[in-house]
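> I have a structure here, written as structure tokens, and I will follow up with some questions on it.
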Amino acid sequence: MKLLPNHRAHDAQHLIQRWRVLARRVGCGLKTLCKVNELPVIVIESTAAQAGQPAAYLSSGVHGDEPGAAWGLLLWAEKHMREIEHGSFLIAPCLNPVGLTLNTRADHRGIDINRRFHDADDVICGPWQRWIAGRAMRFGLCLHEDYDAQGIYLYELNHTHQTAGHAIIERCARVIAPDPRKTIDGQRAKSGVIRRRTLPAHLPGMPEAIELHVHSCPLTMTFETPSEFDLDKRVRAQVKFIETAMEVLV
Ligand SMILES: [Zn+2]
């Protein structure tokens, strides 16, 4: 059975409504960071996260042409409601709802917000910064898709010597095999894992994962599914990635 009918893939309103229902059911707080073209940018925090317990941060929908990530996060959450109810979670389900509606990477202004997370004056990233300020986090998972990808892969930003990326990718490989390329996006990759211990020196603007790291999130993973693959498989791979990361990153 299909997890998501194709015609729903870019229905941001439906996605946001499902998150509202879920937040009510599990007793999570829900905030609207801002509204863009009448669509709310919502974020969700579990009771434990509100109480200051170090949280798992999850986000998707930064790029609107990557619906597998946004729906994967929702379907994971709907499957793991008890875990969210009793655990510490900060969730940004769809940071670029207009992009999702329009099927564009950019937002309502034509801007790639994944280069704006440093900007306290930005209409989306400013409220996001104030929302995460001072939060204790265990790790962050940023969910994406990539048109050039030939399989699943992830970027791991992690100060410690041990890498968790390979253990996670291997366990997701049954849904979609890892991207075999040795260079991905100009960076060295091994079996679908690109690893950094230090921050890149020159960036045109801050991506979400790096800004989280700057805000003392010790480990971030940016997970990518291949946009040209079947949507249902991509959604399943996203769900499997989050489930596996929750088990491995304890
Ligand atoms: Zn993306």
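Note on naming: chains are A, B, ... as they come in the structure tokens, residues start from 1 per chain, ligands start from 1 in the order shown.
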Using only C-alpha atoms and all ligand atoms, which protein or nucleic acid residues are at most 7 Å from ligand 1, as an NGL selection string?

:A and (62-63 or 66 or 144-146)

> Could you build a table of the residues in stretch 79-156 of chain A lying no more than 9 Å from stretch 195-204 of chain A, giving for each the nearest pair of atoms and their separation in Å rounded to one decimal place, using only C-alpha atoms, ordered by chain and ascending residue number, as CSV?


residue,atom,partner,partner_atom,distance
A:Arg115,CA,A:Pro204,CA,6.8
A:Leu154,CA,A:Arg195,CA,8.3
A:Tyr155,CA,A:Arg195,CA,5.8
A:Glu156,CA,A:Arg195,CA,4.8

> Restricted to N, CA, C and O atoms, what would the selected residues look like written as a PDB file, in the first residue's frame?


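Below you can see again_24.pdb, which holds the result:
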ATOM      1  N   ARG A 115      20.421  29.101   3.159  1.00  0.00           N
ATOM      2  CA  ARG A 115      21.599  29.991   3.200  1.00  0.00           C
ATOM      3  C   ARG A 115      21.298  31.209   4.079  1.00  0.00           C
ATOM      4  O   ARG A 115      21.993  32.201   4.048  1.00  0.00           O
ATOM      5  N   LEU A 154      24.151  10.925   3.519  1.00  0.00           N
ATOM      6  CA  LEU A 154      24.019  11.908   4.599  1.00  0.00           C
ATOM      7  C   LEU A 154      25.318  12.662   4.826  1.00  0.00           C
ATOM      8  O   LEU A 154      26.405  12.175   4.519  1.00  0.00           O
ATOM      9  N   TYR A 155      25.148  13.882   5.309  1.00  0.00           N
ATOM     10  CA  TYR A 155      26.270  14.675   5.811  1.00  0.00           C
ATOM     11  C   TYR A 155      26.247  14.558   7.327  1.00  0.00           C
ATOM     12  O   TYR A 155      25.207  14.788   7.944  1.00  0.00           O
ATOM     13  N   GLU A 156      27.370  14.237   7.890  1.00  0.00           N
ATOM     14  CA  GLU A 156      27.444  14.162   9.357  1.00  0.00           C
ATOM     15  C   GLU A 156      28.400  15.240   9.848  1.00  0.00           C
ATOM     16  O   GLU A 156      29.541  15.318   9.411  1.00  0.00           O
TER      17      GLU A 156
END

> Using only C-alpha atoms, which of the listed residues (A:Ile91, A:Gly134, A:His10, A:Ala173) sits closest to A:Thr104?

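Of the candidates, the smallest distance to A:Thr104 is held by A:His10.
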
> Contacts of stretch 205-209 of chain A at 7 Å or less, counting only C-alpha atoms, minus same-chain residues fewer than 5 places along, as a count of residues only?

8

> Name the residues in contact with stretch 177-194 of chain A at a cut-off of 7 Å, using only C-alpha atoms, excluding same-chain residues fewer than 6 positions from it; report them as a PDB file with N, CA and C atoms, in the first residue's frame.


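Printed below is around.pdb as written:
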ATOM      1  N   ALA A 149      21.212  12.860  -6.690  1.00  0.00           N
ATOM      2  CA  ALA A 149      21.572  11.676  -5.899  1.00  0.00           C
ATOM      3  C   ALA A 149      21.277  10.387  -6.662  1.00  0.00           C
ATOM      4  N   GLN A 150      22.129   9.410  -6.429  1.00  0.00           N
ATOM      5  CA  GLN A 150      21.935   8.090  -7.038  1.00  0.00           C
ATOM      6  C   GLN A 150      21.559   7.055  -5.986  1.00  0.00           C
ATOM      7  N   GLY A 151      21.287   7.514  -4.810  1.00  0.00           N
ATOM      8  CA  GLY A 151      20.905   6.661  -3.691  1.00  0.00           C
ATOM      9  C   GLY A 151      20.797   7.553  -2.458  1.00  0.00           C
ATOM     10  N   ILE A 152      20.634   6.950  -1.290  1.00  0.00           N
ATOM     11  CA  ILE A 152      20.563   7.768  -0.063  1.00  0.00           C
ATOM     12  C   ILE A 152      21.972   8.154   0.378  1.00  0.00           C
ATOM     13  N   TYR A 153      22.096   9.323   0.989  1.00  0.00           N
ATOM     14  CA  TYR A 153      23.375   9.699   1.596  1.00  0.00           C
ATOM     15  C   TYR A 153      23.124  10.685   2.714  1.00  0.00           C
ATOM     16  N   LEU A 154      24.151  10.925   3.519  1.00  0.00           N
ATOM     17  CA  LEU A 154      24.019  11.908   4.599  1.00  0.00           C
ATOM     18  C   LEU A 154      25.318  12.662   4.826  1.00  0.00           C
ATOM     19  N   TYR A 155      25.148  13.882   5.309  1.00  0.00           N
ATOM     20  CA  TYR A 155      26.270  14.675   5.811  1.00  0.00           C
ATOM     21  C   TYR A 155      26.247  14.558   7.327  1.00  0.00           C
ATOM     22  N   GLU A 156      27.370  14.237   7.890  1.00  0.00           N
ATOM     23  CA  GLU A 156      27.444  14.162   9.357  1.00  0.00           C
ATOM     24  C   GLU A 156      28.400  15.240   9.848  1.00  0.00           C
ATOM     25  N   GLY A 165      27.220   7.727  11.145  1.00  0.00           N
ATOM     26  CA  GLY A 165      26.559   7.751   9.837  1.00  0.00           C
ATOM     27  C   GLY A 165      26.521   6.408   9.135  1.00  0.00           C
ATOM     28  N   HIS A 166      27.635   5.679   9.159  1.00  0.00           N
ATOM     29  CA  HIS A 166      27.678   4.404   8.429  1.00  0.00           C
ATOM     30  C   HIS A 166      26.690   3.398   9.017  1.00  0.00           C
ATOM     31  N   ILE A 169      23.197   4.499   7.767  1.00  0.00           N
ATOM     32  CA  ILE A 169      22.990   4.301   6.321  1.00  0.00           C
ATOM     33  C   ILE A 169      22.852   2.809   5.980  1.00  0.00           C
TER      34      ILE A 169
END

> Counting only C-alpha atoms, which residue out of A:Ser88, A:Leu249, A:Ala9, A:Asn158 sits closest to A:Leu102?

A:Ala9

> From stretch 128-235 of chain A, collect each residue whose DSSP state is strand (DSSP E or B) and return the set as a ChimeraX atom specification.

/A:137-146,152-158,178,183-184,187-188,190,193-196,206,219-226

> Would you export the selected residues with N, CA and C atoms as a short mmCIF file (atom, residue, chain, number, x, y, z; two decimals), in the first residue's frame, please?


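The resulting out_6.cif:
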data_model
loop_
_atom_site.label_atom_id
_atom_site.label_comp_id
_atom_site.auth_asym_id
_atom_site.auth_seq_id
_atom_site.Cartn_x
_atom_site.Cartn_y
_atom_site.Cartn_z
N MET A 137 20.16 20.57 23.09
CA MET A 137 19.85 19.57 22.06
C MET A 137 20.84 18.41 22.12
N ARG A 138 20.36 17.22 21.84
CA ARG A 138 21.23 16.04 21.77
C ARG A 138 21.80 15.89 20.37
N PHE A 139 20.92 16.04 19.39
CA PHE A 139 21.34 15.95 17.99
C PHE A 139 20.26 16.57 17.12
N GLY A 140 20.65 16.86 15.88
CA GLY A 140 19.68 17.42 14.93
C GLY A 140 19.65 16.59 13.66
N LEU A 141 18.45 16.35 13.14
CA LEU A 141 18.28 15.65 11.86
C LEU A 141 17.59 16.61 10.90
N CYS A 142 18.27 16.94 9.81
CA CYS A 142 17.72 17.83 8.80
C CYS A 142 17.44 16.99 7.55
N LEU A 143 16.18 16.95 7.15
CA LEU A 143 15.77 16.01 6.10
C LEU A 143 15.60 16.71 4.76
N HIS A 144 16.25 16.13 3.75
CA HIS A 144 16.27 16.74 2.41
C HIS A 144 16.15 15.69 1.33
N GLU A 145 16.08 16.20 0.08
CA GLU A 145 16.18 15.33 -1.10
C GLU A 145 17.09 16.01 -2.11
N ASP A 146 17.62 15.20 -3.06
CA ASP A 146 18.61 15.72 -4.00
C ASP A 146 18.36 15.12 -5.39
N ILE A 152 20.63 6.95 -1.29
CA ILE A 152 20.56 7.77 -0.06
C ILE A 152 21.97 8.15 0.38
N TYR A 153 22.10 9.32 0.99
CA TYR A 153 23.38 9.70 1.60
C TYR A 153 23.12 10.68 2.71
N LEU A 154 24.15 10.93 3.52
CA LEU A 154 24.02 11.91 4.60
C LEU A 154 25.32 12.66 4.83
N TYR A 155 25.15 13.88 5.31
CA TYR A 155 26.27 14.68 5.81
C TYR A 155 26.25 14.56 7.33
N GLU A 156 27.37 14.24 7.89
CA GLU A 156 27.44 14.16 9.36
C GLU A 156 28.40 15.24 9.85
N LEU A 157 27.93 16.07 10.76
CA LEU A 157 28.76 17.10 11.37
C LEU A 157 28.86 16.75 12.85
N ASN A 158 30.08 16.33 13.24
CA ASN A 158 30.21 15.65 14.52
C ASN A 158 31.63 15.89 15.04
N PRO A 178 22.65 2.95 -0.70
CA PRO A 178 23.45 4.17 -0.56
C PRO A 178 23.98 4.67 -1.90
N THR A 183 32.54 11.17 -4.77
CA THR A 183 32.47 12.61 -4.54
C THR A 183 31.02 13.04 -4.69
N ILE A 184 30.50 13.68 -3.67
CA ILE A 184 29.12 14.15 -3.72
C ILE A 184 29.13 15.64 -3.40
N GLN A 187 32.32 17.02 -2.30
CA GLN A 187 32.94 16.54 -1.06
C GLN A 187 33.16 15.04 -1.11
N ARG A 188 34.19 14.59 -0.38
CA ARG A 188 34.52 13.18 -0.38
C ARG A 188 33.45 12.37 0.36
N LYS A 190 31.92 8.34 1.36
CA LYS A 190 32.23 6.92 1.44
C LYS A 190 30.95 6.17 1.81
N VAL A 193 28.23 8.37 3.02
CA VAL A 193 28.45 9.22 4.21
C VAL A 193 29.51 10.28 3.90
N ILE A 194 29.16 11.53 4.15
CA ILE A 194 30.10 12.65 4.05
C ILE A 194 30.27 13.17 5.48
N ARG A 195 31.49 13.19 5.92
CA ARG A 195 31.69 13.48 7.34
C ARG A 195 32.55 14.73 7.53
N ARG A 196 32.16 15.57 8.46
CA ARG A 196 32.97 16.74 8.81
C ARG A 196 33.13 16.80 10.32
N MET A 206 24.44 30.63 5.96
CA MET A 206 24.41 29.48 6.86
C MET A 206 23.29 28.49 6.55
N LEU A 219 25.82 17.23 17.35
CA LEU A 219 25.86 16.34 16.17
C LEU A 219 24.66 16.66 15.28
N THR A 220 24.94 16.90 14.01
CA THR A 220 23.82 17.06 13.08
C THR A 220 24.00 16.12 11.90
N MET A 221 22.88 15.62 11.41
CA MET A 221 22.90 14.81 10.20
C MET A 221 21.91 15.39 9.21
N THR A 222 22.40 15.61 8.00
CA THR A 222 21.53 16.04 6.91
C THR A 222 21.36 14.84 6.00
N PHE A 223 20.13 14.35 5.94
CA PHE A 223 19.86 13.12 5.21
C PHE A 223 19.21 13.46 3.87
N GLU A 224 19.64 12.78 2.82
CA GLU A 224 19.15 13.07 1.47
C GLU A 224 18.63 11.80 0.81
N THR A 225 17.41 11.89 0.25
CA THR A 225 16.90 10.81 -0.59
C THR A 225 16.93 11.30 -2.04
N PRO A 226 17.05 10.37 -3.01
CA PRO A 226 17.16 10.78 -4.42
C PRO A 226 15.80 11.16 -5.01
#

> Which value, in Å to one decimal, gives the distance between atom CA of A:Pro40 and atom CA of A:Ala12?

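Value for the atom CA of A:Pro40-atom CA of A:Ala12 distance: 9.6 Å.
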
> Between atom CA of A:Glu228 and atom CA of A:Tyr147, what is the distance in Å, rounded to a tenth?

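Between atom CA of A:Glu228 and atom CA of A:Tyr147 the gap is 6.1 Å.
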
> Find, counting only C-alpha atoms, the residue in A:Ile111, A:Ala136, A:Ala55, A:Ile168 that gets nearest to A:Glu243.

A:Ile168

> At a cut-off of 10 Å, using only C-alpha atoms, what residues contact A:Asp119? Leave out same-chain residues fewer than 5 positions from it and give the result as JSON, numbers by chain.

{"A": [113, 124, 125, 126, 127, 128, 129, 205, 206]}

> Of the residues A:Tyr57, A:Phe229, A:Phe89, A:Phe241, which is the one nearest to A:Trp76, using only C-alpha atoms?

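Of A:Tyr57, A:Phe229, A:Phe89, A:Phe241, the one nearest A:Trp76, counting only C-alpha atoms, is A:Phe241.
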
> Kindly give the distance, in Å, that separates atom CA of A:Leu30 and atom CA of A:Val248, rounded to a single decimal.

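Computing it gives 27.4 Å between the two atoms.
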
> Excluding A:Cys28 and any residue of its chain fewer than 2 positions from it, enumerate the residues within 9 Å of it, using only C-alpha atoms, and give them as a VMD selection string.

chain A and resid 22 to 26 30 44 to 47 50 84 to 85
